[in-house]
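As provided, final_34.cif (mmCIF, C-alpha atoms) reads as follows.
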```cif
data_coords
loop_
_atom_site.label_atom_id
_atom_site.label_comp_id
_atom_site.auth_asym_id
_atom_site.auth_seq_id
_atom_site.Cartn_x
_atom_site.Cartn_y
_atom_site.Cartn_z
CA MET F 45 198.94 116.66 124.38
CA VAL F 46 199.43 117.09 128.12
CA ALA F 47 197.44 119.70 130.06
CA THR F 48 199.37 121.32 132.90
CA PRO F 49 198.24 123.50 135.86
CA ILE F 50 197.16 127.08 135.18
CA GLY F 51 198.13 128.04 138.72
CA ASN F 52 197.59 125.48 141.44
CA LEU F 53 200.10 122.64 141.09
CA LYS F 54 197.67 120.22 142.72
CA ASP F 55 195.53 120.38 139.59
CA ILE F 56 197.99 118.20 137.69
CA THR F 57 196.44 114.82 136.88
CA LEU F 58 197.92 111.46 137.78
CA ARG F 59 197.96 110.56 134.10
CA ALA F 60 199.83 113.74 133.19
CA VAL F 61 202.53 112.99 135.79
CA GLU F 62 202.76 109.41 134.52
CA ILE F 63 203.24 110.52 130.92
CA LEU F 64 205.74 113.27 131.77
CA SER F 65 207.68 110.75 133.83
CA MET F 66 208.07 108.47 130.81
CA VAL F 67 208.54 110.53 127.65
CA PRO F 68 212.07 111.15 126.34
CA VAL F 69 211.16 114.48 124.73
CA VAL F 70 208.90 117.36 125.79
CA ALA F 71 207.95 120.11 123.34
CA CYS F 72 207.12 123.24 125.34
CA GLU F 73 206.97 127.02 125.09
CA ASP F 74 209.52 128.04 127.71
CA THR F 75 212.03 125.32 128.60
CA ARG F 76 212.90 127.06 131.88
CA HIS F 77 209.24 127.27 132.89
CA THR F 78 208.62 123.61 132.08
CA GLY F 79 211.85 122.56 133.77
CA LEU F 80 210.68 124.35 136.93
CA LEU F 81 207.32 122.59 136.67
CA PHE F 82 209.09 119.22 136.60
CA LYS F 83 211.10 120.24 139.66
CA LEU F 84 208.09 121.48 141.63
CA LEU F 85 206.11 118.35 140.80
CA LYS F 86 209.14 116.22 141.70
CA ILE F 87 209.01 114.39 138.39
CA PRO F 88 212.22 112.33 138.23
CA ASN F 89 212.35 112.23 134.44
CA HIS F 90 214.87 114.52 132.74
CA PRO F 91 213.65 114.61 129.14
CA LYS F 92 215.01 116.61 126.27
CA PHE F 93 213.14 119.93 126.10
CA ILE F 94 212.34 121.47 122.72
CA SER F 95 211.13 125.07 122.68
CA VAL F 96 208.11 125.57 120.42
CA ARG F 97 206.72 129.09 120.19
CA ASP F 98 204.40 130.92 117.81
CA TRP F 99 207.28 132.42 115.86
CA ASN F 100 209.24 129.18 115.35
CA GLU F 101 206.56 126.48 115.29
CA ALA F 102 206.62 126.02 111.52
CA GLN F 103 210.37 125.38 111.64
CA MET F 104 210.08 123.05 114.66
CA VAL F 105 207.61 120.72 112.94
CA VAL F 106 210.40 118.82 111.18
CA LYS F 107 212.38 118.50 114.41
CA VAL F 108 209.42 117.18 116.40
CA LEU F 109 208.48 114.71 113.67
CA ALA F 110 212.07 113.44 113.67
CA GLN F 111 211.84 112.90 117.43
CA LEU F 112 208.57 111.01 116.97
CA GLN F 113 210.38 108.53 114.75
CA ASN F 114 212.36 107.47 117.82
CA GLY F 115 209.69 107.56 120.51
CA ASP F 116 206.93 109.50 122.20
CA VAL F 117 206.88 113.27 122.52
CA ALA F 118 204.76 115.19 125.03
CA LEU F 119 203.58 118.65 124.05
CA VAL F 120 202.74 121.10 126.83
CA SER F 121 202.06 124.81 127.07
CA ASP F 122 203.17 127.15 129.85
CA GLY F 123 199.85 126.42 131.53
CA GLY F 124 196.53 124.81 130.69
CA THR F 125 195.55 122.69 127.71
CA PRO F 126 197.93 122.85 124.74
CA LEU F 127 196.84 124.65 121.54
CA ILE F 128 194.21 126.80 123.32
CA SER F 129 195.66 130.17 122.23
CA ASP F 130 199.07 128.50 122.49
CA PRO F 131 201.36 127.00 119.84
CA GLY F 132 201.08 123.38 118.73
CA TYR F 133 198.46 123.29 115.98
CA LYS F 134 200.98 122.97 113.15
CA ILE F 135 202.79 120.16 114.95
CA VAL F 136 199.59 118.25 115.72
CA ARG F 137 198.36 118.58 112.16
CA ALA F 138 201.68 117.49 110.65
CA ALA F 139 202.03 114.56 113.06
CA ARG F 140 198.52 113.35 112.30
CA GLU F 141 199.10 113.64 108.55
CA ALA F 142 202.32 111.65 109.00
CA GLY F 143 200.35 108.83 110.60
CA PHE F 144 201.30 109.31 114.25
CA THR F 145 198.70 108.78 116.98
CA ILE F 146 197.84 111.92 118.93
CA SER F 147 196.48 111.33 122.43
CA PRO F 148 194.96 114.02 124.68
CA ILE F 149 195.83 114.03 128.36
CA PRO F 150 193.05 116.39 129.50
CA GLY F 151 193.20 118.66 132.49
CA PRO F 152 193.21 122.34 133.43
CA SER F 153 191.84 124.96 131.04
CA ALA F 154 191.36 128.61 131.95
CA ALA F 155 188.48 128.94 129.48
CA LEU F 156 186.47 126.04 130.89
CA ALA F 157 187.34 126.92 134.49
CA ALA F 158 185.99 130.44 133.97
CA LEU F 159 182.82 129.16 132.31
CA SER F 160 182.17 126.79 135.21
CA VAL F 161 182.11 129.58 137.82
CA GLY F 162 181.13 132.69 135.86
CA GLY F 163 177.38 132.34 136.22
CA LEU F 164 176.68 133.04 132.55
CA PRO F 165 174.83 130.62 130.24
CA THR F 166 176.98 127.73 129.04
CA ASN F 167 174.56 126.01 126.67
CA LYS F 168 176.21 127.99 123.88
CA PHE F 169 179.68 129.44 124.16
CA MET F 170 182.42 130.56 121.79
CA PHE F 171 186.11 130.80 122.55
CA VAL F 172 187.90 133.56 120.64
CA GLY F 173 191.22 133.70 122.50
CA PHE F 174 192.80 137.14 122.41
CA TRP F 175 189.99 139.26 121.00
CA ASN F 176 190.29 141.29 117.82
CA ILE F 177 188.08 144.31 118.45
CA LYS F 178 186.81 144.07 114.86
CA GLN F 179 185.32 140.67 115.68
CA GLU F 180 181.61 140.59 116.40
CA ILE F 181 180.28 138.91 119.53
CA LEU F 182 177.16 136.89 118.84
CA PRO F 183 173.98 137.48 120.85
CA GLY F 184 172.91 134.65 123.13
CA VAL F 185 176.37 133.07 123.05
CA THR F 186 178.73 133.39 125.99
CA THR F 187 182.03 134.53 124.50
CA VAL F 188 185.29 133.60 126.20
CA ILE F 189 188.16 136.06 125.76
CA PHE F 190 191.75 135.95 127.00
CA GLU F 191 193.31 139.32 127.79
CA SER F 192 196.56 140.67 129.18
CA PRO F 193 196.58 143.13 132.10
CA GLU F 194 198.05 145.80 129.82
CA ARG F 195 195.13 145.62 127.39
CA LEU F 196 192.33 144.86 129.83
CA GLU F 197 191.09 148.42 130.37
CA VAL F 198 190.94 149.15 126.64
CA THR F 199 189.14 145.89 125.94
CA LEU F 200 186.54 146.45 128.67
CA LYS F 201 185.82 149.98 127.40
CA GLU F 202 185.40 148.68 123.85
CA LEU F 203 183.05 145.93 125.02
CA LYS F 204 180.97 148.43 127.01
CA ASN F 205 180.75 150.83 124.06
CA ARG F 206 179.70 148.16 121.60
CA TYR F 207 177.57 146.00 123.88
CA PRO F 208 176.21 148.28 126.62
CA ASP F 209 173.59 145.75 127.71
CA ALA F 210 176.01 142.85 127.97
CA GLU F 211 176.88 141.09 131.19
CA VAL F 212 180.61 140.72 131.69
CA VAL F 213 182.45 138.56 134.20
CA LEU F 214 186.19 138.66 134.82
CA ALA F 215 188.05 135.56 136.00
CA ARG F 216 191.52 136.47 137.21
CA GLU F 217 194.27 134.40 138.84
CA LEU F 218 192.15 131.25 138.57
CA THR F 219 193.20 128.44 140.96
CA LYS F 220 195.77 130.75 142.57
CA LEU F 221 195.85 132.39 146.01
CA HIS F 222 194.20 135.63 144.88
CA GLU F 223 191.58 134.06 142.61
CA TYR F 224 188.85 136.50 141.66
CA VAL F 225 185.64 136.06 139.67
CA GLY F 226 183.24 138.96 139.26
CA ALA F 227 183.01 142.52 137.99
CA ASP F 228 186.06 144.65 137.23
CA ASP F 229 187.81 145.18 140.56
CA GLY F 230 190.29 147.65 139.14
CA LEU F 231 193.28 145.34 139.49
CA ARG F 232 195.55 144.78 136.52
CA LYS F 233 197.59 141.79 137.61
CA GLY F 234 197.86 138.55 135.68
CA GLU F 235 196.10 137.43 132.54
CA VAL F 236 192.33 137.58 132.68
CA THR F 237 189.62 135.43 131.17
CA ILE F 238 186.62 137.56 130.20
CA LEU F 239 183.12 136.14 129.75
CA VAL F 240 180.61 138.22 127.75
CA ASN F 241 176.95 137.55 127.06
CA TYR F 242 174.16 139.76 125.79
CA GLY F 243 170.69 139.13 124.45
CA GLN F 244 169.97 135.97 126.43
CA THR F 245 167.52 136.98 129.16
CA LEU F 246 170.27 138.76 131.05
CA LYS F 247 168.82 141.79 132.84
CA LYS F 248 171.68 142.91 135.06
CA GLU F 249 173.36 146.24 134.58
CA TRP F 250 176.85 146.49 133.12
CA GLY F 251 179.66 145.43 135.43
CA ARG F 252 177.67 143.50 137.99
CA SER F 253 178.65 139.89 138.64
#
```
Would you mind writing the structure in this file as structure tokens?
Amino acid sequence: MVATPIGNLKDITLRAVEILSMVPVVACEDTRHTGLLFKLLKIPNHPKFISVRDWNEAQMVVKVLAQLQNGDVALVSDGGTPLISDPGYKIVRAAREAGFTISPIPGPSAALAALSVGGLPTNKFMFVGFWNIKQEILPGVTTVIFESPERLEVTLKELKNRYPDAEVVLARELTKLHEYVGADDGLRKGEVTILVNYGQTLKKEWGRS
């Protein structure tokens, strides 16, 4: 499981480059995206790319396990740590049940990056990925939500209606040129990581960072 940059290419780890330079097969979401990543990082290896997405992961399990019979396979997402709201869980579970060793190559994660700079309590946090508005947010627990720019306004309104005393921090374009962490700045570009906390000695008004 190889973590890849969420924006800034310099965040790739030496170990990740080493592994990607060696493996014969890379399971990834978008083969073009991962191929470009190899090119930008100047990784000389030209592995076989296998596209694994949410809609085909169950079918790709057999193919990836067959590849593992012949050698190592690296699994990456389009950015960040694999399986964190990205495909790969079914493959990891099946590979472990088949007796293969699964090794994490840790690195970038939008959720942890946002938590580290958001200024909200981190002693208790819960990652929910793309939020289902029927899901309750627990008091005293910083909740980490991924959201698309198209849904951001609706999600923020729903959070404000249901949790008017909550403190909310947006982390947008993390590690990129236009990185922003704070209250809603009205921009709707790029995926956003939202941090929400209420009921834990937070006295600020809604929307202030």
Selected residue, from F:Leu53, F:Lys220, F:Asp98, F:Ile63, that lies nearest to Leu80 of chain F when counting only C-alpha atoms: F:Leu53
Best match for closeness to Ala142 of chain F among F:Asn100, F:Ser192, F:Thr125, F:Gln113, counting all atoms listed in the file: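 So, comparing all the options, the nearest one is F:Gln113.
When atom CA of Leu127 of chain F is paired with atom CA of Thr187 of chain F, their separation reads 18.0 Å.
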Which residues, named as in the file, does the PyMOL selection byres ((chain F and resi 128) around 10) pick out? Answer as a list in words.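 Output from the PyMOL selection byres ((chain F and resi 128) around 10), applied to this file: Ser121, Gly123, Gly124, Thr125, Pro126, Leu127, Ser129, Asp130, Pro131, Gly132, Tyr133, Ser153, Ala154, Ala155, Phe171, Val172 and Gly173 of chain F.
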Selected residue, from F:Ala118, F:Leu164, F:Gln111, F:Gly79, that lies nearest to Ser147 of chain F when counting all atoms listed in the file: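 Of the candidates, the smallest distance to Ser147 of chain F is held by F:Ala118.
With the shown file loaded, the PyMOL selection byres ((chain F and resi 95) around 8) picks out Ala71, Cys72, Glu73, Asp74, Thr75, Phe93, Ile94, Val96 and Arg97 of chain F.
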Compare F:Gln103, F:Ser65, F:Thr237, F:Asn167 by their minimum atom-to-atom distance to Phe190 of chain F, counting only C-alpha atoms, and give me the closest one.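 Looking at the shortest contact to Phe190 of chain F, the residue is F:Thr237.
Among the candidates F:Arg216, F:Arg76, F:Lys201, F:His222, the residue lying nearest to Asp122 of chain F is F:Arg76 (atoms considered: only C-alpha atoms).
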Atom-to-atom span, atom CA of Lys233 of chain F and atom CA of His77 of chain F, Å: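 So the two atoms, atom CA of Lys233 of chain F and atom CA of His77 of chain F, lie 19.2 Å apart.
Each of F:Asn89, F:Thr199, F:Asn176, F:Thr48 was compared to Ile238 of chain F using all atoms listed in the file, and F:Thr199 turns out to be the nearest.
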Can I get a file of segment 127-253 of chain F from the given structure, C-alpha atoms kept, as a compact mmCIF listing (two decimals), in the first residue's frame?
```txt
# COMPACT_ATOMS: atom_id res chain seq x y z
CA LEU F 127 -8.22 2.83 0.89
CA ILE F 128 -9.03 6.15 2.61
CA SER F 129 -12.31 6.78 0.73
CA ASP F 130 -10.62 5.10 -2.24
CA PRO F 131 -10.86 1.54 -3.60
CA GLY F 132 -8.63 -1.26 -2.36
CA TYR F 133 -10.34 -2.72 0.70
CA LYS F 134 -11.62 -5.82 -1.10
CA ILE F 135 -8.19 -6.49 -2.60
CA VAL F 136 -6.38 -6.07 0.72
CA ARG F 137 -8.83 -8.32 2.52
CA ALA F 138 -8.67 -11.03 -0.14
CA ALA F 139 -4.87 -10.88 -0.33
CA ARG F 140 -4.54 -11.17 3.44
CA GLU F 141 -6.97 -14.09 3.55
CA ALA F 142 -4.92 -15.76 0.79
CA GLY F 143 -1.82 -15.53 2.96
CA PHE F 144 0.01 -12.68 1.24
CA THR F 145 1.91 -10.11 3.31
CA ILE F 146 0.50 -6.59 3.10
CA SER F 147 2.99 -3.81 3.85
CA PRO F 148 2.07 -0.12 4.31
CA ILE F 149 4.31 2.51 2.76
CA PRO F 150 2.93 5.49 4.71
CA GLY F 151 2.89 9.06 3.51
CA PRO F 152 0.49 11.84 2.55
CA SER F 153 -3.10 11.82 3.78
CA ALA F 154 -5.52 14.71 3.30
CA ALA F 155 -7.41 13.77 6.47
CA LEU F 156 -4.36 13.81 8.73
CA ALA F 157 -2.88 16.87 7.01
CA ALA F 158 -6.09 18.81 7.67
CA LEU F 159 -6.22 17.68 11.29
CA SER F 160 -2.64 18.81 11.85
CA VAL F 161 -3.32 22.42 10.82
CA GLY F 162 -7.04 22.90 11.48
CA GLY F 163 -6.75 24.03 15.08
CA LEU F 164 -9.54 21.76 16.31
CA PRO F 165 -9.07 19.12 19.05
CA THR F 166 -7.34 15.96 17.83
CA ASN F 167 -7.50 13.84 20.96
CA LYS F 168 -10.66 12.30 19.51
CA PHE F 169 -11.47 12.35 15.82
CA MET F 170 -13.61 10.36 13.42
CA PHE F 171 -13.15 10.05 9.69
CA VAL F 172 -16.40 9.60 7.76
CA GLY F 173 -15.22 10.20 4.19
CA PHE F 174 -17.95 11.62 1.97
CA TRP F 175 -20.65 12.48 4.50
CA ASN F 176 -24.14 11.05 4.39
CA ILE F 177 -26.32 13.85 5.76
CA LYS F 178 -28.33 11.27 7.73
CA GLN F 179 -25.20 10.42 9.70
CA GLU F 180 -24.91 11.98 13.14
CA ILE F 181 -21.78 13.86 14.16
CA LEU F 182 -20.74 13.07 17.70
CA PRO F 183 -20.20 15.86 20.24
CA GLY F 184 -16.63 16.35 21.42
CA VAL F 185 -15.22 14.44 18.45
CA THR F 186 -13.60 16.26 15.55
CA THR F 187 -15.21 14.80 12.44
CA VAL F 188 -13.28 14.70 9.18
CA ILE F 189 -15.36 14.92 6.00
CA PHE F 190 -14.33 14.83 2.34
CA GLU F 191 -16.48 16.89 -0.01
CA SER F 192 -16.56 17.82 -3.68
CA PRO F 193 -16.80 21.47 -4.78
CA GLU F 194 -20.21 20.76 -6.31
CA ARG F 195 -21.68 19.59 -3.00
CA LEU F 196 -19.76 21.85 -0.63
CA GLU F 197 -22.37 24.61 -0.29
CA VAL F 198 -25.18 22.14 0.42
CA THR F 199 -23.08 20.27 2.96
CA LEU F 200 -22.06 23.45 4.81
CA LYS F 201 -25.68 24.63 5.01
CA GLU F 202 -26.77 21.26 6.37
CA LEU F 203 -24.00 21.29 8.97
CA LYS F 204 -24.94 24.82 10.05
CA ASN F 205 -28.63 23.92 10.34
CA ARG F 206 -28.01 20.80 12.37
CA TYR F 207 -25.04 21.97 14.43
CA PRO F 208 -25.32 25.77 14.73
CA ASP F 209 -22.78 25.94 17.56
CA ALA F 210 -20.17 23.84 15.79
CA GLU F 211 -16.79 25.13 14.71
CA VAL F 212 -15.99 24.27 11.11
CA VAL F 213 -12.67 24.51 9.32
CA LEU F 214 -12.17 24.01 5.58
CA ALA F 215 -8.88 22.68 4.23
CA ARG F 216 -8.70 23.16 0.47
CA GLU F 217 -5.91 22.50 -2.05
CA LEU F 218 -3.66 21.12 0.70
CA THR F 219 0.07 21.13 -0.17
CA LYS F 220 -0.69 22.96 -3.44
CA LEU F 221 0.05 26.54 -4.53
CA HIS F 222 -3.32 27.92 -3.40
CA GLU F 223 -3.55 26.01 -0.12
CA TYR F 224 -6.23 27.40 2.17
CA VAL F 225 -7.23 26.49 5.72
CA GLY F 226 -9.94 28.47 7.49
CA ALA F 227 -13.56 29.52 7.21
CA ASP F 228 -15.55 29.26 3.99
CA ASP F 229 -13.90 31.67 1.56
CA GLY F 230 -16.60 31.25 -1.07
CA LEU F 231 -14.36 29.39 -3.51
CA ARG F 232 -15.55 26.13 -4.99
CA LYS F 233 -12.39 24.74 -6.54
CA GLY F 234 -10.92 21.35 -5.74
CA GLU F 235 -11.99 18.76 -3.21
CA VAL F 236 -12.23 20.01 0.34
CA THR F 237 -11.55 18.39 3.68
CA ILE F 238 -14.00 19.66 6.30
CA LEU F 239 -13.33 19.50 10.04
CA VAL F 240 -16.32 19.80 12.40
CA ASN F 241 -16.40 19.91 16.18
CA TYR F 242 -19.08 20.94 18.64
CA GLY F 243 -19.57 20.51 22.35
CA GLN F 244 -15.89 20.49 23.32
CA THR F 245 -15.22 23.87 24.93
CA LEU F 246 -15.38 25.58 21.55
CA LYS F 247 -16.82 29.07 21.96
CA LYS F 248 -16.25 30.63 18.56
CA GLU F 249 -19.11 31.64 16.34
CA TRP F 250 -19.99 29.66 13.22
CA GLY F 251 -17.61 30.09 10.31
CA ARG F 252 -14.64 31.56 12.12
CA SER F 253 -11.31 29.78 11.81
```
